[in-house]
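coords_38.cif follows; it contains mmCIF, C-alpha atoms.
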data_my_file
#
loop_
_atom_site.label_atom_id
_atom_site.label_comp_id
_atom_site.auth_asym_id
_atom_site.auth_seq_id
_atom_site.Cartn_x
_atom_site.Cartn_y
_atom_site.Cartn_z
CA MET A 1 -81.80 8.90 64.49
CA ALA A 2 -84.19 7.25 61.99
CA ASP A 3 -85.37 4.84 64.68
CA GLY A 4 -85.85 7.69 67.12
CA GLU A 5 -87.86 9.64 64.57
CA ALA A 6 -90.08 6.62 63.90
CA LEU A 7 -90.70 6.21 67.64
CA ALA A 8 -91.50 9.89 68.02
CA TRP A 9 -93.97 9.71 65.14
CA ALA A 10 -95.58 6.64 66.71
CA PHE A 11 -95.93 8.49 70.02
CA VAL A 12 -97.49 11.53 68.34
CA GLU A 13 -99.97 9.31 66.52
CA ALA A 14 -100.93 7.35 69.64
CA HIS A 15 -100.84 10.24 72.14
CA PRO A 16 -101.41 13.51 70.22
CA ARG A 17 -102.64 15.42 73.28
CA GLU A 18 -99.59 14.55 75.36
CA ALA A 19 -97.36 15.56 72.45
CA ALA A 20 -99.34 18.80 72.13
CA ARG A 21 -98.74 19.71 75.77
CA THR A 22 -95.00 19.25 75.36
CA LEU A 23 -95.02 21.32 72.15
CA GLU A 24 -96.76 24.17 73.96
CA GLY A 25 -93.52 24.76 75.83
CA LEU A 26 -91.59 25.50 72.61
CA PRO A 27 -91.51 28.66 70.45
CA ALA A 28 -94.13 28.74 67.70
CA PRO A 29 -91.61 28.87 64.78
CA GLN A 30 -89.90 25.74 66.10
CA VAL A 31 -93.23 23.95 66.55
CA ALA A 32 -94.19 24.94 62.98
CA VAL A 33 -91.18 23.05 61.63
CA VAL A 34 -92.22 19.99 63.60
CA LEU A 35 -95.84 20.20 62.42
CA ALA A 36 -94.73 20.48 58.80
CA SER A 37 -92.66 17.31 59.19
CA LEU A 38 -95.61 15.32 60.56
CA GLY A 39 -97.89 15.62 57.56
CA PRO A 40 -101.33 17.27 57.66
CA GLU A 41 -103.33 14.57 59.45
CA ARG A 42 -100.84 13.97 62.28
CA ALA A 43 -100.22 17.70 62.59
CA ALA A 44 -103.96 18.37 62.81
CA SER A 45 -104.37 15.93 65.71
CA VAL A 46 -101.52 17.63 67.59
CA LEU A 47 -102.75 21.16 66.85
CA THR A 48 -106.22 20.22 68.11
CA GLY A 49 -104.73 19.21 71.47
CA MET A 50 -102.99 22.56 72.03
CA LEU A 51 -104.43 25.56 73.81
CA PRO A 52 -106.08 27.69 71.08
CA ARG A 53 -103.77 30.71 71.51
CA HIS A 54 -100.62 28.65 70.97
CA ALA A 55 -102.22 26.67 68.15
CA ALA A 56 -103.04 29.93 66.34
CA ASP A 57 -99.46 31.19 66.73
CA CYS A 58 -98.10 27.92 65.34
CA LEU A 59 -100.50 27.95 62.39
CA GLN A 60 -99.43 31.49 61.50
CA ALA A 61 -95.79 30.40 61.59
CA LEU A 62 -96.42 27.75 58.91
CA GLU A 63 -96.01 28.44 55.21
CA ARG A 64 -99.39 29.11 53.60
CA PRO A 65 -99.60 25.90 51.47
CA VAL A 66 -98.69 23.74 54.50
CA ALA A 67 -101.16 25.57 56.72
CA LYS A 68 -103.94 25.17 54.14
CA ARG A 69 -103.46 21.39 53.94
CA LEU A 70 -103.38 21.12 57.73
CA VAL A 71 -106.55 23.20 58.17
CA GLY A 72 -108.31 20.92 55.71
CA CYS A 73 -107.86 18.08 58.22
CA LEU A 74 -109.26 20.01 61.20
CA GLU A 75 -112.80 19.62 62.55
CA ALA A 76 -115.04 22.69 62.71
CA VAL A 77 -114.59 22.89 66.48
CA ALA A 78 -110.80 23.16 66.24
CA VAL A 79 -111.04 25.67 63.38
CA ALA A 80 -113.31 27.93 65.44
CA ASP A 81 -110.97 27.70 68.45
CA ILE A 82 -108.01 28.79 66.36
CA ALA A 83 -109.90 31.41 64.34
CA ARG A 84 -110.85 33.33 67.50
CA ASN A 85 -107.17 33.87 68.18
CA LEU A 86 -106.21 35.12 64.71
CA PRO A 87 -106.27 38.64 63.25
CA GLU A 88 -109.45 39.28 61.26
CA ASP A 89 -107.79 38.93 57.86
CA ARG A 90 -106.13 35.62 58.76
CA CYS A 91 -109.39 34.38 60.30
CA GLN A 92 -111.28 34.98 57.06
CA GLU A 93 -108.49 33.37 55.06
CA LEU A 94 -108.60 30.28 57.28
CA LEU A 95 -112.39 29.95 56.89
CA GLY A 96 -111.98 30.26 53.13
CA TRP A 97 -109.82 27.14 53.11
CA LEU A 98 -112.66 24.97 54.46
CA ARG A 99 -115.24 22.89 52.67
CA PRO A 100 -118.70 24.55 52.74
CA GLY A 101 -120.20 22.28 55.39
CA ARG A 102 -117.25 22.61 57.74
CA ARG A 103 -117.13 26.37 57.14
CA ALA A 104 -120.78 26.63 58.18
CA GLY A 105 -120.11 24.64 61.35
CA ALA A 106 -117.18 26.84 62.32
CA GLY A 107 -119.21 29.95 61.53
CA LEU A 108 -121.97 28.82 63.88
CA LEU A 109 -119.52 28.46 66.74
CA LEU A 110 -117.89 31.80 65.99
CA ALA A 111 -121.26 33.53 66.17
CA TYR A 112 -121.32 33.07 69.96
CA PRO A 113 -119.22 35.28 72.28
CA GLN A 114 -116.00 33.61 73.39
CA ASP A 115 -117.02 33.49 77.06
CA THR A 116 -120.22 31.52 76.42
CA LEU A 117 -120.91 27.79 76.20
CA GLY A 118 -122.03 28.03 72.57
CA ALA A 119 -118.57 29.08 71.47
CA TRP A 120 -117.00 25.91 72.88
CA VAL A 121 -119.66 23.27 72.32
CA ASP A 122 -118.77 20.13 70.36
CA PRO A 123 -121.46 19.89 67.63
CA ARG A 124 -120.50 16.32 66.72
CA ALA A 125 -122.53 14.89 69.62
CA MET A 126 -125.02 12.35 68.32
CA SER A 127 -128.73 13.22 68.51
CA LEU A 128 -131.49 10.64 67.99
CA ARG A 129 -135.26 10.80 68.21
CA GLY A 130 -137.04 9.38 71.21
CA ASP A 131 -139.10 6.98 69.08
CA ALA A 132 -135.95 5.32 67.68
CA THR A 133 -135.24 1.81 68.94
CA VAL A 134 -132.19 0.59 70.80
CA ALA A 135 -131.31 -1.50 67.72
CA TRP A 136 -131.38 1.65 65.57
CA ALA A 137 -129.20 3.48 68.09
CA ARG A 138 -126.65 0.66 68.20
CA LYS A 139 -126.35 0.77 64.41
CA ALA A 140 -126.02 4.57 64.39
CA VAL A 141 -123.24 4.45 66.97
CA ARG A 142 -121.43 1.71 65.06
CA LEU A 143 -121.54 3.67 61.79
CA ALA A 144 -120.76 7.10 63.26
CA GLU A 145 -117.72 8.87 61.85
CA VAL A 146 -117.06 10.31 65.33
CA PRO A 147 -118.24 7.88 68.04
CA PRO A 148 -120.27 9.54 70.81
CA GLN A 149 -118.50 9.92 74.16
CA GLY A 150 -120.62 8.19 76.77
CA GLU A 151 -124.10 9.55 76.05
CA LEU A 152 -126.63 10.19 73.29
CA LEU A 153 -128.80 13.30 73.06
CA ILE A 154 -132.48 12.40 72.66
CA VAL A 155 -134.87 14.87 71.04
CA ASP A 156 -138.68 15.07 70.95
CA GLU A 157 -141.00 15.58 67.98
CA ASP A 158 -140.03 19.26 67.74
CA GLY A 159 -136.32 18.52 67.82
CA CYS A 160 -135.95 19.87 71.36
CA LEU A 161 -133.77 18.10 73.90
CA ALA A 162 -135.78 15.57 75.90
CA GLY A 163 -132.92 13.92 77.79
CA MET A 164 -129.86 11.73 77.45
CA VAL A 165 -129.22 7.99 77.17
CA ALA A 166 -125.98 6.43 78.36
CA LEU A 167 -124.27 4.19 75.80
CA ALA A 168 -124.08 1.49 78.46
CA ALA A 169 -127.90 1.36 78.46
CA LEU A 170 -127.84 0.24 74.84
CA LEU A 171 -126.11 -2.96 75.92
CA ARG A 172 -128.54 -3.70 78.75
CA CYS A 173 -131.83 -3.07 76.95
CA ASP A 174 -133.81 -5.15 74.47
CA SER A 175 -133.35 -4.20 70.82
CA GLU A 176 -136.94 -3.06 70.33
CA VAL A 177 -137.06 -0.74 73.35
CA ARG A 178 -137.67 2.90 72.42
CA LEU A 179 -135.03 5.43 73.48
CA GLY A 180 -137.70 7.74 74.87
CA THR A 181 -138.56 5.16 77.54
CA ILE A 182 -135.02 4.86 78.91
CA LEU A 183 -133.73 8.43 78.70
CA GLU A 184 -132.66 10.47 81.71
CA PRO A 185 -134.94 13.53 81.56
CA ASP A 186 -133.61 15.20 84.70
CA ARG A 187 -130.27 16.24 83.14
CA SER A 188 -130.49 20.01 82.88
CA ALA A 189 -129.64 21.58 79.55
CA PHE A 190 -127.51 24.71 79.41
CA PRO A 191 -128.34 27.64 77.09
CA ALA A 192 -125.67 28.37 74.51
CA ARG A 193 -125.32 31.96 75.70
CA ALA A 194 -124.71 30.95 79.32
CA ASP A 195 -121.41 32.03 80.86
CA LEU A 196 -118.58 29.48 81.08
CA SER A 197 -118.61 29.82 84.87
CA ARG A 198 -121.94 27.97 84.95
CA ALA A 199 -120.33 24.93 83.33
CA ALA A 200 -117.41 25.06 85.77
CA GLU A 201 -119.88 25.02 88.67
CA ALA A 202 -121.78 22.08 87.15
CA PHE A 203 -118.62 19.99 86.73
CA ALA A 204 -117.20 20.84 90.16
CA GLY A 205 -117.35 17.80 92.44
CA SER A 206 -119.38 15.91 89.80
CA ASP A 207 -118.80 12.78 87.74
CA ARG A 208 -120.61 14.24 84.73
CA ARG A 209 -118.86 13.49 81.44
CA SER A 210 -120.62 16.20 79.43
CA LEU A 211 -123.14 19.02 79.58
CA PRO A 212 -125.84 19.30 76.89
CA VAL A 213 -125.99 22.76 75.29
CA VAL A 214 -129.14 24.03 73.55
CA ASP A 215 -130.11 27.05 71.46
CA HIS A 216 -132.89 29.52 72.33
CA ARG A 217 -135.50 27.03 71.07
CA GLY A 218 -134.24 24.21 73.25
CA ARG A 219 -132.68 22.31 70.36
CA PRO A 220 -129.32 20.67 71.10
CA LEU A 221 -126.22 22.26 69.61
CA GLY A 222 -123.95 19.61 71.10
CA VAL A 223 -122.17 18.94 74.38
CA LEU A 224 -119.45 20.56 76.44
CA SER A 225 -116.87 18.21 77.95
CA PRO A 226 -114.47 18.93 80.83
CA ALA A 227 -111.61 18.90 78.31
CA ARG A 228 -113.30 21.58 76.20
CA LEU A 229 -113.98 23.67 79.30
CA ARG A 230 -110.32 23.45 80.27
CA GLN A 231 -109.41 24.75 76.82
CA ALA A 232 -111.91 27.57 77.12
CA LEU A 233 -110.59 28.66 80.50
CA GLY A 234 -106.94 27.90 79.71
CA ARG A 235 -106.68 25.80 82.86
CA SER A 236 -104.85 22.64 83.83
CA PRO A 237 -106.75 19.34 84.29
CA GLU A 238 -106.58 19.73 88.07
CA GLU A 239 -108.47 23.03 87.98
CA VAL A 240 -111.53 21.66 86.16
CA ARG A 241 -112.16 18.15 87.38
CA THR A 242 -114.23 15.40 85.81
CA GLY A 243 -114.77 13.99 89.29
CA PRO A 244 -112.49 13.61 92.33
CA GLU A 245 -110.94 10.34 91.20
CA VAL A 246 -111.17 10.40 87.41
CA GLY A 247 -109.59 13.83 87.02
CA SER A 248 -106.67 12.92 89.29
CA ALA A 249 -106.02 9.63 87.55
CA MET A 250 -106.04 11.21 84.09
CA GLY A 251 -103.67 13.90 85.24
CA GLU A 252 -101.21 11.31 86.58
CA ILE A 253 -101.38 9.29 83.37
CA GLY A 254 -100.73 12.36 81.23
CA ALA A 255 -97.80 13.43 83.39
CA THR A 256 -96.22 9.98 83.23
CA LEU A 257 -96.53 9.75 79.45
CA GLY A 258 -95.20 13.26 79.00
CA SER A 259 -92.09 12.76 81.13
CA ALA A 260 -91.34 9.37 79.59
CA TRP A 261 -91.35 10.66 76.01
CA ALA A 262 -90.32 14.28 76.36
CA GLY A 263 -86.60 13.51 75.97
CA LEU A 264 -87.07 11.54 72.77
CA LEU A 265 -89.43 14.11 71.28
CA ARG A 266 -87.18 17.04 72.14
CA ALA A 267 -84.16 15.27 70.62
CA TRP A 268 -86.10 14.81 67.42
CA TRP A 269 -87.25 18.44 67.40
CA ASP A 270 -83.68 19.62 68.05
CA LEU A 271 -82.64 17.73 64.93
CA LEU A 272 -85.40 19.39 62.90
CA THR A 273 -84.69 22.88 64.28
CA PRO A 274 -80.92 23.17 64.91
CA SER A 275 -79.67 25.98 67.10
CA ALA A 276 -77.59 28.89 65.85
CA SER A 277 -74.41 27.22 67.09
CA ASP A 278 -75.25 24.10 65.08
CA ARG A 279 -75.72 26.14 61.91
CA THR A 280 -72.40 27.88 62.34
CA GLY A 281 -70.63 24.57 62.92
CA SER A 282 -69.42 25.34 66.46
CA ARG A 283 -70.91 22.08 67.79
CA ARG A 284 -69.75 18.81 66.28
#
Spell out the structure here as structure tokens.
Amino acid sequence: MADGEALAWAFVEAHPREAARTLEGLPAPQVAVVLASLGPERAASVLTGMLPRHAADCLQALERPVAKRLVGCLEAVAVADIARNLPEDRCQELLGWLRPGRRAGAGLLLAYPQDTLGAWVDPRAMSLRGDATVAWARKAVRLAEVPPQGELLIVDEDGCLAGMVALAALLRCDSEVRLGTILEPDRSAFPARADLSRAAEAFAGSDRRSLPVVDHRGRPLGVLSPARLRQALGRSPEEVRTGPEVGSAMGEIGATLGSAWAGLLRAWWDLLTPSASDRTGSRR
């Protein structure tokens, strides 16, 4: 079984979201045993891929020291998702486990009502000033801890959103070109307090990869992706599409990976969490 366990770990590391979807079909106490066996970093990547309600149940099923180490590996976005689904005392305990900067980020997200865009925005989106050069932007992207997904947010002198620049444009343009001259200013920004239904309407039948979200001053808080919207609404990939072809293709890929590995993963989890009959010795 050692080889099977190594393969299962490799799958979890390479495809944490697919593993998360399979885990969502198991009871939280059983998933907690699996998460504890993965180590905090692997477990954090799997927990991030789960629907927030199930992730919160699994976190509560973990022993406190294990849960604390796992939470220390979570991004502010994932912490806020989980915290909304915890009792008040556990929510405050979870926030107390975070480093100050990450605690502030999670607190900002938690300040918005759960049915608004601000509660689900990804604040890690990269913002650059319009007077920055393409060369500067290339370097920033290369050095980023979390690489931007497809587009950069461009702000004006006051820090307000001026538009977006596709990463592909950085490859086509001369190094000394200013970002403000190649941005797409017609991309509408969404207020953080807007209802989630507005984002669903914007993504419907569209190939947009993200929606910029701004505060009441017009300053960018981050972006909302189709994946984040699916989490917010608790829907399947088919219900919130990234475009008629992309959404379908991603759904098929996920289904194929899940079915191919589910047997191996479940066998491993059965070993970690034996049934009552196993414990009593009735099955040899």
Might you pull out every residue within 6 Å of stretch 157-160 of chain A, with all atoms listed in the file counted and same-chain residues fewer than 2 positions away left off, and present them as a PDB file with C-alpha atoms, in the frame of the given file?
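After the write, result.pdb holds the following:
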ATOM      1  CA  VAL A 155    -134.870  14.870  71.040  1.00  0.00           C
ATOM      2  CA  GLY A 218    -134.240  24.210  73.250  1.00  0.00           C
ATOM      3  CA  ARG A 219    -132.680  22.310  70.360  1.00  0.00           C
TER       4      ARG A 219
END
Check: What does the PyMOL selection byres ((chain A and resi 106) around 8) select in this file, as an MDAnalysis selection string?
Finding: chainID A and resid 76:77 79:80 95 102:105 107:110
Please produce an output containing C-alpha atoms for each residue in the selection, written as a PDB file, in the coordinates of the input.
ATOM      1  CA  ALA A  76    -115.040  22.690  62.710  1.00  0.00           C
ATOM      2  CA  VAL A  77    -114.590  22.890  66.480  1.00  0.00           C
ATOM      3  CA  VAL A  79    -111.040  25.670  63.380  1.00  0.00           C
ATOM      4  CA  ALA A  80    -113.310  27.930  65.440  1.00  0.00           C
ATOM      5  CA  LEU A  95    -112.390  29.950  56.890  1.00  0.00           C
ATOM      6  CA  ARG A 102    -117.250  22.610  57.740  1.00  0.00           C
ATOM      7  CA  ARG A 103    -117.130  26.370  57.140  1.00  0.00           C
ATOM      8  CA  ALA A 104    -120.780  26.630  58.180  1.00  0.00           C
ATOM      9  CA  GLY A 105    -120.110  24.640  61.350  1.00  0.00           C
ATOM     10  CA  GLY A 107    -119.210  29.950  61.530  1.00  0.00           C
ATOM     11  CA  LEU A 108    -121.970  28.820  63.880  1.00  0.00           C
ATOM     12  CA  LEU A 109    -119.520  28.460  66.740  1.00  0.00           C
ATOM     13  CA  LEU A 110    -117.890  31.800  65.990  1.00  0.00           C
TER      14      LEU A 110
END
Notebook entry, point to check: Written as a list in words, what is the full residue list that the PyMOL selection byres ((chain A and resi 24) around 12) yields on the file shown?
Noted result: Arg17, Glu18, Ala19, Ala20, Arg21, Thr22, Leu23, Gly25, Leu26, Pro27, Ala28, Pro29, Gln30, Val31, Ala32, Val46, Leu47, Thr48, Gly49, Met50, Leu51, Pro52, Arg53, His54, Ala55, Ala56, Asp57 and Cys58 of chain A
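Distance annotation: of A:Glu63, A:Gly150, A:Pro40, A:Ala192, the residue with the minimal separation from A:Ala111 is A:Ala192; atom set is only C-alpha atoms.
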Next item on the list: Report the distance between atom CA of A:Thr116 and atom CA of A:Ala144 in Å, rounded to one decimal place.
Entry: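 So the two atoms, atom CA of A:Thr116 and atom CA of A:Ala144, lie 27.7 Å apart.
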Next item on the list: Could you check which of A:Leu98, A:Leu171, A:Leu35, A:Met164 is closest to A:Ser188, using all atoms listed in the file?
Entry: A:Met164
Next item on the list: Expand the PyMOL selection byres ((chain A and resi 165-168) around 10) into the individual residues it matches in the shown file, reporting them as a ChimeraX atom specification.
Entry: /A:128,130,137-138,141,148-154,163-164,169-173,179-185
Notebook entry, point to check: Quick one, how far is atom CA of A:Val33 from atom CA of A:Phe11?
Noted result: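 One can read the atom CA of A:Val33 to atom CA of A:Phe11 distance as 17.5 Å.
The residue that comes closest to A:Arg129, out of A:Asp81, A:Ala67, A:Arg178, A:Glu88 and on the basis of all atoms listed in the file, is A:Arg178.
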Item checked: Selected residue of minimal separation from A:Ala132 among A:Glu176, A:Asp115, A:Glu75, A:Leu161, counting all atoms listed in the file ->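 Closest to A:Ala132, using all atoms listed in the file: A:Glu176.
Distance-wise, atom CA of A:Phe203 and atom CA of A:Gly234 end up 15.8 Å apart.
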Margin query: Ranking A:Pro113, A:Gly72, A:Pro212, A:Gly118 by minimum distance to A:Gly101 and counting only C-alpha atoms, which one comes first?
Written below: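 Checking each of A:Pro113, A:Gly72, A:Pro212, A:Gly118 against A:Gly101, counting only C-alpha atoms, the winner is A:Gly72.
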Next item on the list: Taking the point (-107.7, 33.0, 60.1) as given in the file, collect each protein or nucleic acid residue that comes within 10 Å of it, counting only C-alpha atoms, and present the set as an MDAnalysis selection string.
Entry: chainID A and resid 56 59:60 79:80 82:97
